[in-house]
Every structure is written in structure tokens, then in C-alpha cells.
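Asker: Input structure: upload_27.cif, which contains mmCIF, C-alpha atoms and all ligand atoms.
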data_start
loop_
_atom_site.label_atom_id
_atom_site.label_comp_id
_atom_site.auth_asym_id
_atom_site.auth_seq_id
_atom_site.Cartn_x
_atom_site.Cartn_y
_atom_site.Cartn_z
CA MET A 1 8.90 -9.20 21.05
CA ASP A 2 12.20 -8.27 22.65
CA PHE A 3 12.66 -4.51 22.53
CA SER A 4 15.20 -4.56 25.36
CA HIS A 5 17.60 -2.19 23.57
CA THR A 6 15.78 0.73 22.07
CA LEU A 7 16.63 1.89 18.63
CA GLN A 8 19.69 4.08 18.11
CA ILE A 9 20.45 5.93 14.92
CA ASN A 10 23.76 7.51 13.89
CA SER A 11 24.24 10.96 12.36
CA GLN A 12 23.69 9.55 8.85
CA GLY A 13 20.29 8.26 9.89
CA GLU A 14 21.45 4.64 9.91
CA VAL A 15 20.29 2.21 12.54
CA VAL A 16 23.22 1.13 14.72
CA GLN A 17 21.50 -0.62 17.62
CA PHE A 18 18.02 -1.94 18.22
CA GLY A 19 16.05 -4.53 20.15
CA ASN A 20 17.01 -8.06 19.15
CA GLU A 21 13.74 -9.03 17.55
CA PHE A 22 13.39 -5.68 15.81
CA GLN A 23 16.96 -6.05 14.50
CA ARG A 24 15.98 -9.34 12.90
CA ILE A 25 12.91 -7.74 11.33
CA LEU A 26 14.82 -4.76 9.93
CA GLN A 27 17.51 -6.94 8.41
CA CYS A 28 14.90 -8.72 6.31
CA LEU A 29 13.29 -5.53 4.98
CA PRO A 30 14.03 -3.58 1.79
CA LYS A 31 16.04 -0.48 2.76
CA GLU A 32 16.57 2.83 0.95
CA SER A 33 18.76 5.81 1.69
CA ALA A 34 16.45 8.73 0.99
CA TRP A 35 15.45 12.15 2.35
CA ARG A 36 18.70 12.23 4.33
CA THR A 37 17.75 9.16 6.34
CA PHE A 38 17.06 5.47 5.86
CA LEU A 39 13.62 4.09 5.16
CA TYR A 40 12.47 0.48 5.51
CA LYS A 41 9.63 -1.09 3.55
CA TYR A 42 7.24 -3.05 5.71
CA GLN A 43 4.16 -4.63 4.17
CA GLY A 44 4.10 -2.26 1.20
CA ILE A 45 4.79 1.00 3.08
CA TRP A 46 8.11 2.82 3.71
CA TYR A 47 8.76 3.66 7.36
CA TYR A 48 11.32 5.59 9.35
CA PRO A 49 12.91 2.97 11.61
CA LYS A 50 11.89 4.73 14.81
CA SER A 51 8.29 4.94 13.63
CA LEU A 52 8.29 1.32 12.59
CA GLU A 53 9.68 0.24 15.94
CA ALA A 54 7.10 2.31 17.78
CA LEU A 55 4.23 1.05 15.62
CA LEU A 56 5.25 -2.58 16.16
CA PHE A 57 5.33 -1.82 19.87
CA THR A 58 1.90 -0.16 19.59
CA GLN A 59 0.61 -3.28 17.86
CA GLU A 60 1.60 -5.31 20.91
CA HIS A 61 0.46 -2.99 23.64
CA PHE A 62 -2.42 -0.78 22.51
CA GLN A 63 -5.90 -2.02 23.32
CA ALA A 64 -8.64 -0.11 21.54
CA LYS A 65 -12.06 0.56 22.98
CA ALA A 66 -15.19 0.69 20.89
CA THR A 67 -15.56 4.39 21.70
CA ASP A 68 -12.06 5.36 20.49
CA VAL A 69 -11.53 7.49 17.41
CA VAL A 70 -8.26 7.05 15.49
CA VAL A 71 -7.28 9.76 13.02
CA VAL A 72 -5.21 8.21 10.23
CA THR A 73 -3.49 10.27 7.54
CA THR A 74 -0.60 10.32 5.17
CA PRO A 75 1.89 12.99 6.21
CA LYS A 76 1.05 16.46 4.84
CA ALA A 77 -2.54 15.52 4.01
CA GLY A 78 -3.98 18.01 6.51
CA THR A 79 -3.43 16.04 9.72
CA THR A 80 -3.00 19.11 11.93
CA TRP A 81 -6.29 20.52 10.69
CA LEU A 82 -8.23 17.26 10.93
CA LYS A 83 -7.00 16.67 14.48
CA ALA A 84 -8.20 20.12 15.50
CA LEU A 85 -11.60 19.52 13.90
CA VAL A 86 -12.06 16.05 15.40
CA PHE A 87 -11.07 17.31 18.84
CA ALA A 88 -13.39 20.33 18.63
CA ILE A 89 -16.30 18.23 17.34
CA THR A 90 -16.06 15.21 19.62
CA LYS A 91 -15.18 17.14 22.80
CA ARG A 92 -17.69 19.96 22.40
CA ASN A 93 -19.79 18.82 25.36
CA ARG A 94 -16.77 19.26 27.58
CA TYR A 95 -15.18 22.27 25.84
CA VAL A 96 -17.70 24.76 24.52
CA VAL A 97 -16.48 25.86 21.10
CA SER A 98 -16.96 29.57 21.85
CA ASP A 99 -14.86 29.31 25.05
CA PRO A 100 -11.93 31.76 24.78
CA ASN A 101 -9.85 29.23 26.75
CA HIS A 102 -10.63 26.31 24.46
CA PRO A 103 -7.67 23.85 24.33
CA ILE A 104 -7.35 24.31 20.57
CA LEU A 105 -6.45 27.95 21.19
CA THR A 106 -3.58 27.13 23.51
CA THR A 107 -2.32 23.73 22.41
CA ASN A 108 -1.11 22.41 19.07
CA SER A 109 -3.52 19.75 17.86
CA HIS A 110 -0.75 17.14 17.65
CA GLU A 111 -0.61 17.25 21.44
CA LEU A 112 -4.38 16.91 21.77
CA VAL A 113 -4.63 13.93 19.43
CA PRO A 114 -1.30 12.15 19.93
CA PHE A 115 0.42 9.90 17.41
CA PHE A 116 0.93 6.24 18.31
CA GLU A 117 4.36 6.69 16.71
CA PHE A 118 5.43 9.02 19.51
CA MET A 119 3.34 7.68 22.38
CA TYR A 120 4.91 4.23 22.06
CA ARG A 121 8.43 5.34 21.12
CA HIS A 122 11.41 4.01 23.16
CA ASN A 123 9.43 1.08 24.59
CA ASN A 124 7.08 3.47 26.31
CA ILE A 125 3.73 2.10 27.37
CA PRO A 126 1.68 5.23 28.03
CA ASP A 127 -0.83 5.55 30.80
CA LEU A 128 -4.01 5.91 28.83
CA PRO A 129 -7.06 7.60 30.27
CA ASN A 130 -9.77 5.18 31.22
CA GLN A 131 -12.55 7.61 30.61
CA PRO A 132 -15.83 6.42 29.14
CA CYS A 133 -15.92 9.18 26.53
CA SER A 134 -14.13 8.81 23.23
CA ARG A 135 -10.35 8.78 23.41
CA LEU A 136 -8.60 10.34 20.43
CA PHE A 137 -5.45 8.91 18.85
CA SER A 138 -3.70 9.33 15.54
CA THR A 139 -1.19 7.66 13.29
CA HIS A 140 0.37 7.73 9.83
CA SER A 141 0.54 3.91 9.93
CA GLY A 142 -0.39 1.77 6.98
CA PHE A 143 -3.46 -0.33 7.62
CA ASN A 144 -1.58 -3.63 8.05
CA LEU A 145 0.45 -2.27 10.91
CA LEU A 146 -2.50 -1.02 12.96
CA PRO A 147 -3.03 -2.87 16.24
CA ASP A 148 -5.44 -5.79 15.85
CA SER A 149 -7.74 -4.23 18.38
CA VAL A 150 -8.09 -1.14 16.15
CA LYS A 151 -8.73 -3.25 13.07
CA ASN A 152 -11.14 -5.63 14.73
CA THR A 153 -13.12 -3.64 17.28
CA SER A 154 -15.86 -1.23 16.38
CA CYS A 155 -13.58 1.73 17.15
CA ARG A 156 -13.74 4.38 14.47
CA ILE A 157 -11.05 5.35 11.98
CA ILE A 158 -11.19 8.76 10.29
CA TYR A 159 -8.88 8.72 7.28
CA LEU A 160 -7.64 11.74 5.35
CA CYS A 161 -5.65 11.86 2.13
CA ARG A 162 -4.75 14.54 -0.38
CA ASN A 163 -4.05 15.09 -4.05
CA PRO A 164 -0.52 13.64 -4.51
CA LYS A 165 0.76 16.71 -6.37
CA ASP A 166 -0.11 19.05 -3.49
CA ASN A 167 0.92 16.37 -1.02
CA PHE A 168 4.35 16.16 -2.62
CA VAL A 169 4.87 19.93 -2.67
CA SER A 170 3.82 20.19 0.97
CA LEU A 171 6.11 17.31 1.94
CA TRP A 172 9.07 18.79 0.09
CA HIS A 173 8.64 22.14 1.83
CA PHE A 174 8.23 20.48 5.21
CA MET A 175 11.29 18.27 4.85
CA ASN A 176 13.40 21.20 3.76
CA LYS A 177 12.14 23.53 6.46
CA ALA A 178 11.26 21.56 9.55
CA VAL A 179 13.79 18.81 9.20
CA ALA A 180 16.60 20.95 7.83
CA GLU A 181 16.33 23.14 10.92
CA CYS A 182 17.60 20.18 12.97
CA ASP A 183 20.80 19.62 11.00
CA THR A 184 23.25 21.24 8.68
CA GLU A 185 22.72 19.03 5.63
CA PRO A 186 21.90 20.74 2.31
CA LEU A 187 18.34 20.98 1.14
CA ILE A 188 16.84 18.23 -0.99
CA PRO A 189 16.44 19.48 -4.58
CA LEU A 190 12.85 19.38 -5.78
CA GLU A 191 13.70 17.12 -8.74
CA GLU A 192 15.44 14.54 -6.52
CA ALA A 193 12.56 14.54 -4.04
CA PHE A 194 10.07 14.24 -6.88
CA GLU A 195 11.72 11.12 -8.31
CA LEU A 196 11.65 9.51 -4.85
CA TYR A 197 8.01 10.47 -4.40
CA CYS A 198 7.04 8.99 -7.77
CA LYS A 199 8.68 5.74 -6.67
CA GLY A 200 6.67 5.95 -3.48
CA ILE A 201 9.83 6.29 -1.39
CA HIS A 202 9.02 8.68 1.45
CA GLY A 203 7.98 8.23 5.05
CA PHE A 204 4.63 6.33 5.10
CA GLY A 205 4.57 6.23 1.29
CA PRO A 206 3.57 5.51 -1.30
CA ILE A 207 0.43 7.46 -0.56
CA TRP A 208 -1.52 5.60 -3.25
CA ASN A 209 -0.88 2.27 -1.45
CA HIS A 210 -1.61 3.86 1.90
CA ALA A 211 -4.88 5.44 0.73
CA LEU A 212 -6.00 2.38 -1.23
CA GLU A 213 -5.89 0.13 1.83
CA TYR A 214 -8.10 2.48 3.82
CA TRP A 215 -10.33 3.18 0.80
CA LYS A 216 -11.10 -0.52 0.38
CA LEU A 217 -11.82 -0.84 4.07
CA SER A 218 -14.11 2.19 4.01
CA LEU A 219 -16.16 0.47 1.31
CA GLN A 220 -16.30 -2.81 3.21
CA ARG A 221 -16.93 -1.28 6.63
CA PRO A 222 -18.37 2.22 6.22
CA ASP A 223 -19.36 2.32 9.88
CA GLN A 224 -15.74 1.82 10.91
CA VAL A 225 -13.79 3.88 8.37
CA LEU A 226 -14.67 7.38 7.18
CA PHE A 227 -12.62 8.28 4.10
CA LEU A 228 -12.00 12.00 3.62
CA LYS A 229 -10.11 14.08 1.08
CA TYR A 230 -8.41 17.40 1.84
CA GLU A 231 -9.87 18.93 -1.33
CA ASP A 232 -13.45 18.03 -0.28
CA MET A 233 -12.80 19.45 3.18
CA MET A 234 -11.57 22.70 1.66
CA GLY A 235 -14.42 22.78 -0.88
CA ASP A 236 -17.33 22.22 1.49
CA THR A 237 -16.07 22.23 5.06
CA THR A 238 -19.58 22.32 6.55
CA SER A 239 -20.69 19.07 4.90
CA GLN A 240 -17.47 17.29 5.80
CA ILE A 241 -17.70 18.46 9.41
CA LYS A 242 -21.23 17.13 9.62
CA ARG A 243 -20.00 13.79 8.24
CA ILE A 244 -17.26 13.66 10.86
CA ALA A 245 -19.71 14.46 13.65
CA GLU A 246 -22.27 11.88 12.53
CA PHE A 247 -19.62 9.23 11.97
CA SER A 248 -18.14 9.90 15.42
CA GLY A 249 -21.51 9.38 17.04
CA CYS A 250 -22.05 13.03 18.00
CA PRO A 251 -24.11 14.66 15.23
CA PHE A 252 -24.91 18.35 15.48
CA SER A 253 -28.44 18.99 16.72
CA LEU A 254 -30.73 21.37 14.89
CA LYS A 255 -30.36 23.72 17.83
CA GLU A 256 -26.57 23.68 17.51
CA GLU A 257 -26.83 24.25 13.78
CA SER A 258 -29.16 27.21 14.24
CA GLU A 259 -26.86 28.63 16.93
CA GLY A 260 -23.96 28.54 14.48
CA VAL A 261 -21.83 25.94 16.29
CA ILE A 262 -20.60 24.42 13.02
CA ASP A 263 -19.45 27.82 11.80
CA GLN A 264 -17.69 28.37 15.11
CA VAL A 265 -15.82 25.07 14.69
CA ILE A 266 -14.83 26.00 11.13
CA LYS A 267 -13.58 29.40 12.23
CA MET A 268 -11.67 28.14 15.25
CA CYS A 269 -9.91 25.44 13.19
CA SER A 270 -9.34 27.56 10.09
CA PHE A 271 -5.84 27.92 8.69
CA GLU A 272 -5.97 31.63 9.41
CA ASN A 273 -6.93 31.20 13.04
CA LEU A 274 -4.70 28.23 13.89
CA SER A 275 -1.62 29.57 12.15
CA ASN A 276 -1.91 32.90 14.01
CA LEU A 277 -2.20 31.45 17.49
CA GLU A 278 0.76 32.12 19.75
CA VAL A 279 1.26 28.39 20.36
CA ASN A 280 1.49 27.74 16.64
CA LYS A 281 3.60 30.77 15.83
CA ASN A 282 6.24 30.31 18.51
CA GLY A 283 5.66 26.93 20.17
CA LYS A 284 7.53 23.76 19.41
CA ARG A 285 7.12 20.06 19.91
CA VAL A 286 9.85 18.29 21.81
CA VAL A 287 9.26 14.84 20.28
CA PRO A 288 9.81 15.16 17.42
CA PHE A 289 11.66 18.47 17.65
CA ILE A 290 9.60 20.51 15.24
CA GLU A 291 8.49 24.11 15.47
CA ASN A 292 4.71 24.29 15.30
CA LYS A 293 4.81 26.98 12.65
CA ASN A 294 6.08 24.35 10.20
CA TYR A 295 2.70 22.62 10.23
CA PHE A 296 1.22 25.69 8.56
CA ARG A 297 2.40 26.85 5.16
CA LYS A 298 -0.27 27.89 2.63
CA GLY A 299 -3.23 25.63 3.27
CA GLU A 300 -4.42 25.79 -0.33
CA VAL A 301 -5.59 23.42 -3.02
CA GLY A 302 -3.58 23.46 -6.27
CA ASP A 303 -0.34 25.08 -5.12
CA TRP A 304 1.49 22.37 -7.11
CA ILE A 305 1.04 24.53 -10.20
CA ASN A 306 3.76 26.82 -8.87
CA TYR A 307 6.31 24.01 -8.51
CA LEU A 308 5.76 21.17 -10.98
CA SER A 309 6.59 21.29 -14.69
CA PRO A 310 4.07 19.86 -17.21
CA SER A 311 6.23 16.75 -17.62
CA MET A 312 6.37 16.22 -13.84
CA VAL A 313 2.59 16.55 -13.66
CA GLU A 314 2.21 14.00 -16.42
CA GLN A 315 4.65 11.60 -14.77
CA LEU A 316 2.99 11.70 -11.36
CA ASP A 317 -0.55 11.60 -12.77
CA GLN A 318 0.37 8.48 -14.73
CA VAL A 319 1.87 6.74 -11.70
CA VAL A 320 -1.22 7.47 -9.62
CA GLU A 321 -3.66 6.55 -12.37
CA LYS A 322 -1.88 3.22 -12.93
CA LYS A 323 -1.89 2.36 -9.23
CA LEU A 324 -5.51 3.31 -8.59
CA HIS A 325 -6.95 2.06 -11.86
CA GLY A 326 -10.16 0.12 -11.32
CA SER A 327 -10.31 0.82 -7.58
CA GLY A 328 -12.93 3.56 -7.77
CA LEU A 329 -10.56 5.83 -5.83
CA THR A 330 -9.33 9.04 -7.45
CA LEU A 331 -6.80 11.34 -5.86
CA SER A 332 -6.35 14.04 -8.50
N1 LIG B 401 -6.40 24.68 9.36
C1 LIG B 401 -5.90 24.28 8.19
N2 LIG B 401 -6.67 24.31 7.08
C2 LIG B 401 -6.19 23.91 5.89
N3 LIG B 401 -4.93 23.45 5.71
C3 LIG B 401 -4.12 23.38 6.78
C4 LIG B 401 -4.57 23.79 8.06
N4 LIG B 401 -3.56 23.62 8.93
C5 LIG B 401 -2.52 23.15 8.23
N5 LIG B 401 -2.84 23.00 6.93
C6 LIG B 401 -2.00 22.52 5.82
O1 LIG B 401 -1.82 21.11 5.92
C7 LIG B 401 -0.51 20.78 5.45
C8 LIG B 401 0.26 20.12 6.59
O2 LIG B 401 -0.14 18.76 6.60
P1 LIG B 401 -0.22 17.90 7.93
O3 LIG B 401 -0.90 18.67 8.99
O4 LIG B 401 -0.79 16.61 7.53
O5 LIG B 401 1.31 17.72 8.31
S1 LIG B 401 1.83 16.55 9.29
O6 LIG B 401 1.68 15.28 8.56
O7 LIG B 401 1.07 16.59 10.52
O8 LIG B 401 3.26 16.89 9.50
C9 LIG B 401 0.13 22.06 5.00
O9 LIG B 401 -0.20 22.20 3.63
P2 LIG B 401 0.63 23.13 2.63
O10 LIG B 401 0.30 24.53 2.98
O11 LIG B 401 0.15 22.77 1.26
O12 LIG B 401 2.07 22.80 2.80
C10 LIG B 401 -0.58 23.06 5.89
O13 LIG B 401 -0.50 24.38 5.45
#
Spell out the structure here as C-alpha cells.
Answerer:
Amino acid sequence: MDFSHTLQINSQGEVVQFGNEFQRILQCLPKESAWRTFLYKYQGIWYYPKSLEALLFTQEHFQAKATDVVVVTTPKAGTTWLKALVFAITKRNRYVVSDPNHPILTTNSHELVPFFEFMYRHNNIPDLPNQPCSRLFSTHSGFNLLPDSVKNTSCRIIYLCRNPKDNFVSLWHFMNKAVAECDTEPLIPLEEAFELYCKGIHGFGPIWNHALEYWKLSLQRPDQVLFLKYEDMMGDTTSQIKRIAEFSGCPFSLKEESEGVIDQVIKMCSFENLSNLEVNKNGKRVVPFIENKNYFRKGEVGDWINYLSPSMVEQLDQVVEKKLHGSGLTLS
């Protein structure tokens, strides 16, 4: 694919120049002006153009290894938390969890488990470590857009989703805080954002389509896809951490359990601990330009009750129920 001109976007969020082949692709896709930018629908999922370009580039250039672990989430499902947990669990032979200099304590987890969307942005082919141990990557990509080598090798996918009502509230806050900090546009009213969300129009949405693809795959190939829910992780973090460790091929030994290693992981990656670290209070990511503190808001289940009216709840519940009906997947 010819990506000779990288994507350029004007101040309204509209694509004004892109690689020739990518230009042809974009012109054929449904397009929506939403969330103060433009979104393009590719194989059932809405993408920001830069993310789509990078993910198409990833598809061409990323070669998975059987030992890789790819963290896949919908935005605002608890990605930052899951990345910290997966890093702490899978790298614990190299970084002892009780180490006061553990990387989690000094580095935002998005840097430790990088997104394909940013690694492969602007035609960049990153130099990937060739180490034998598991490499960790992440993405918000829909399943269809994953590189073939991720879909078809025995590399592991850990998927996380969240109750759509909390997911929406978290997304709305994030867009108004993190993104609004970068420009002078007015905030997006909750009602306007809600209507878009119910239509599935948001970056990497609709989450019911996104989750359903990975859900089906987790049933077909349970050894390749571990399907997690934020609410289960909050409800019984110990069990979910054990599942992650076993699935990743590094289960906790009885000795580790008796020494309290699981509790140490939980504590290190807790909302309270992560959100109070210097790096997460005052640090920022350069690409995208987002202050780390914006990845931490409340970290609770059920905060939607403070934002959504009964009729909004009914509307969103109905949309989700209709989409997931008969699939065996529930998100409420
Ligand atoms: N350690 C920990 N434990 C529990 N919950 C946590 C944790 N860290 C972040 N959060 C909450 O996750 C929400 C942010 O979602 P993501 O990390 O997926 O955001 S992003 O997609 O990476 O931008 C956002 O949820 P809300 O508080 O509901 O907005 C964060 O507060």
C-alpha cells in the first residue's frame, strides 16, 4: 500500500492529504462529523483517520510471535489498569513486584504496553525487541483490522470491555477534559454525546460490535482470546488476575500466592496507587498529547447513575440488548 504522503488533518479535524492508497480507501468509507472530528467506518467500526491509517500500516508490517500478548480494549474500558496488571504479571520474573523502582511506579502503563495505533503512526516501522520473552502490545482495533499474524498465530489476546453506561460516562468526561485541553472548542453536551454513543458513533465504536467480535472469538478459541469485563475485575480482582496469569502462561505458584505476590500486584496497580504516582499526576504523553492524570477519574462501577436520566438508561439498555440478543454476551 502506498503511504508515501502521511495523513494530514486540518483544524476542523478533516483529512486534507493522505497516502494515495489510503485516500482511495477513505473516500469509499462512511464518514461522520462527530466529537469535534471526523470518523470513518471501516468494517463495522468507527475510526479516527490517523488511527485507521496506522492500523492499516500495522496490518502490513507487524509480525506477531507466538509468545506475544496483545491487550485489546474499547477506549475507557480500563485499558490503563489492564496494561499495568498485564505488565506486572508477565514481567514479574524480571521486575520483582515489591521493587520500589518497579517500572509501573515511574512510567505510565501506556508507555510500557504501547498501542499499535501510535507505534505505526506516520509510516513508522518500529524497531521491535527480539527478545524471547513475551512482548506486550495493545490496541483499540476492531478484530477485522488486526494484523493477520495476530489473528492466525498462537499469540494471546487479552480483551477488556465495560458496561456501556459507565463506558459512555467515562468517554464523555475524557473527551471533554483531555481532548478539550488541546483546543478551544466548546465542550460536547452530554445529551449530544449520548445520542452519538447510542448510534455507535465514537472512536472504535460501537462497543457492542467491538466486544461481540472478540466475544465470539473467545468462545471459538479460548486459548487465544481471554475475554474480561471491568466489572468482574473490580468485583474479584484476585480471580481475574489469576486468570490473566494462567492465560499468559505464567501462573502464580503456591509459593508466590502464600508470599502475597497477587496482593502486591493488586495494590501496585490499584486506582489509588496509580493515580497518586508522580508520573500519573504530572506527567504527559507526547503522542497523543494527553496529560496522564486524565486516564484516572473515579475508577468505579455504576457512576452512570449520577449522569443518565431514566429514559437515557432505557434507551441505551435497549440498544445494547437488541445488538447482543442471542449472543450469550451481556454488558450491563
Ligand atoms: N487502576 C485502576 N483501577 C480501576 N479503574 C481505573 C484504574 N485506572 C484507571 N481506571 C479507570 O479506567 C477508565 C479509563 O479507561 P481507559 O484506561 O481504558 O482509558 S483509555 O482508553 O486508555 O484512554 C477511567 O474510568 P472512569 O473513572 O469511570 O472515567 C479510569 O478512572
Asker: Which protein, DNA or RNA residues have an atom within 9 Å of ligand LIG 401 (chain B), counting all atoms listed in the file, as a PyMOL selection string?
Answerer: chain A and resi 73-85+110+140+160-161+166-174+230+233-234+266+268-275+294-304
Asker: Would you kindly return, as a VMD selection string, each protein, DNA or RNA residue with an atom no farther than 8 Å from any atom of range 261-265 of chain A, considering all atoms listed in the file and excluding same-chain residues fewer than 6 positions away?
Answerer: chain A and resid 85 88 to 89 97 to 98 238 241 252
Asker: Could you state the separation of CA of Ile158 in chain A and CA of Ser218 in chain A in Å, given to one decimal place?
Answerer: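 Taking CA of Ile158 in chain A as the start and CA of Ser218 in chain A as the end point, the length is 9.5 Å.
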Asker: Rank A:Pro206, A:Pro126, A:Pro189, A:Pro222 by their smallest atom-to-atom distance to Trp35 in chain A, using only C-alpha atoms, and report the top residue only.
Answerer: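 For Trp35 in chain A, the nearest of the candidates is A:Pro189.
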Asker: Near Pro147 in chain A, within 12 Å and counting all atoms listed in the file, which residues show up once chain neighbours fewer than 4 positions away are dropped, as a PDB file with C-alpha atoms, in the frame of the given file?
Answerer:
ATOM      1  CA  ALA A  54       7.100   2.310  17.780  1.00  0.00           C
ATOM      2  CA  LEU A  55       4.230   1.050  15.620  1.00  0.00           C
ATOM      3  CA  LEU A  56       5.250  -2.580  16.160  1.00  0.00           C
ATOM      4  CA  PHE A  57       5.330  -1.820  19.870  1.00  0.00           C
ATOM      5  CA  THR A  58       1.900  -0.160  19.590  1.00  0.00           C
ATOM      6  CA  GLN A  59       0.610  -3.280  17.860  1.00  0.00           C
ATOM      7  CA  GLU A  60       1.600  -5.310  20.910  1.00  0.00           C
ATOM      8  CA  HIS A  61       0.460  -2.990  23.640  1.00  0.00           C
ATOM      9  CA  PHE A  62      -2.420  -0.780  22.510  1.00  0.00           C
ATOM     10  CA  GLN A  63      -5.900  -2.020  23.320  1.00  0.00           C
ATOM     11  CA  ALA A  64      -8.640  -0.110  21.540  1.00  0.00           C
ATOM     12  CA  LYS A  65     -12.060   0.560  22.980  1.00  0.00           C
ATOM     13  CA  VAL A  70      -8.260   7.050  15.490  1.00  0.00           C
ATOM     14  CA  PHE A 116       0.930   6.240  18.310  1.00  0.00           C
ATOM     15  CA  THR A 139      -1.190   7.660  13.290  1.00  0.00           C
ATOM     16  CA  SER A 141       0.540   3.910   9.930  1.00  0.00           C
ATOM     17  CA  GLY A 142      -0.390   1.770   6.980  1.00  0.00           C
ATOM     18  CA  PHE A 143      -3.460  -0.330   7.620  1.00  0.00           C
ATOM     19  CA  LYS A 151      -8.730  -3.250  13.070  1.00  0.00           C
ATOM     20  CA  ASN A 152     -11.140  -5.630  14.730  1.00  0.00           C
ATOM     21  CA  THR A 153     -13.120  -3.640  17.280  1.00  0.00           C
ATOM     22  CA  CYS A 155     -13.580   1.730  17.150  1.00  0.00           C
TER      23      CYS A 155
END
Asker: Of the candidates A:Ala193, A:Leu324, A:Leu187, A:Leu136, which one gets nearest to Ser109 in chain A if we count only C-alpha atoms?
Answerer: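 Selected residue with least distance to Ser109 in chain A: A:Leu136.
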Asker: Just how far from CA of His210 in chain A is CA of Glu191 in chain A, in Å to one decimal?
Answerer: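 Separation between CA of Glu191 in chain A and CA of His210 in chain A: 22.9 Å.
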Asker: Mind pulling up the distance from CA of Leu39 in chain A to CA of Arg156 in chain A?
Answerer: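 Spanning CA of Arg156 in chain A to CA of Leu39 in chain A is a straight-line distance of 28.9 Å.
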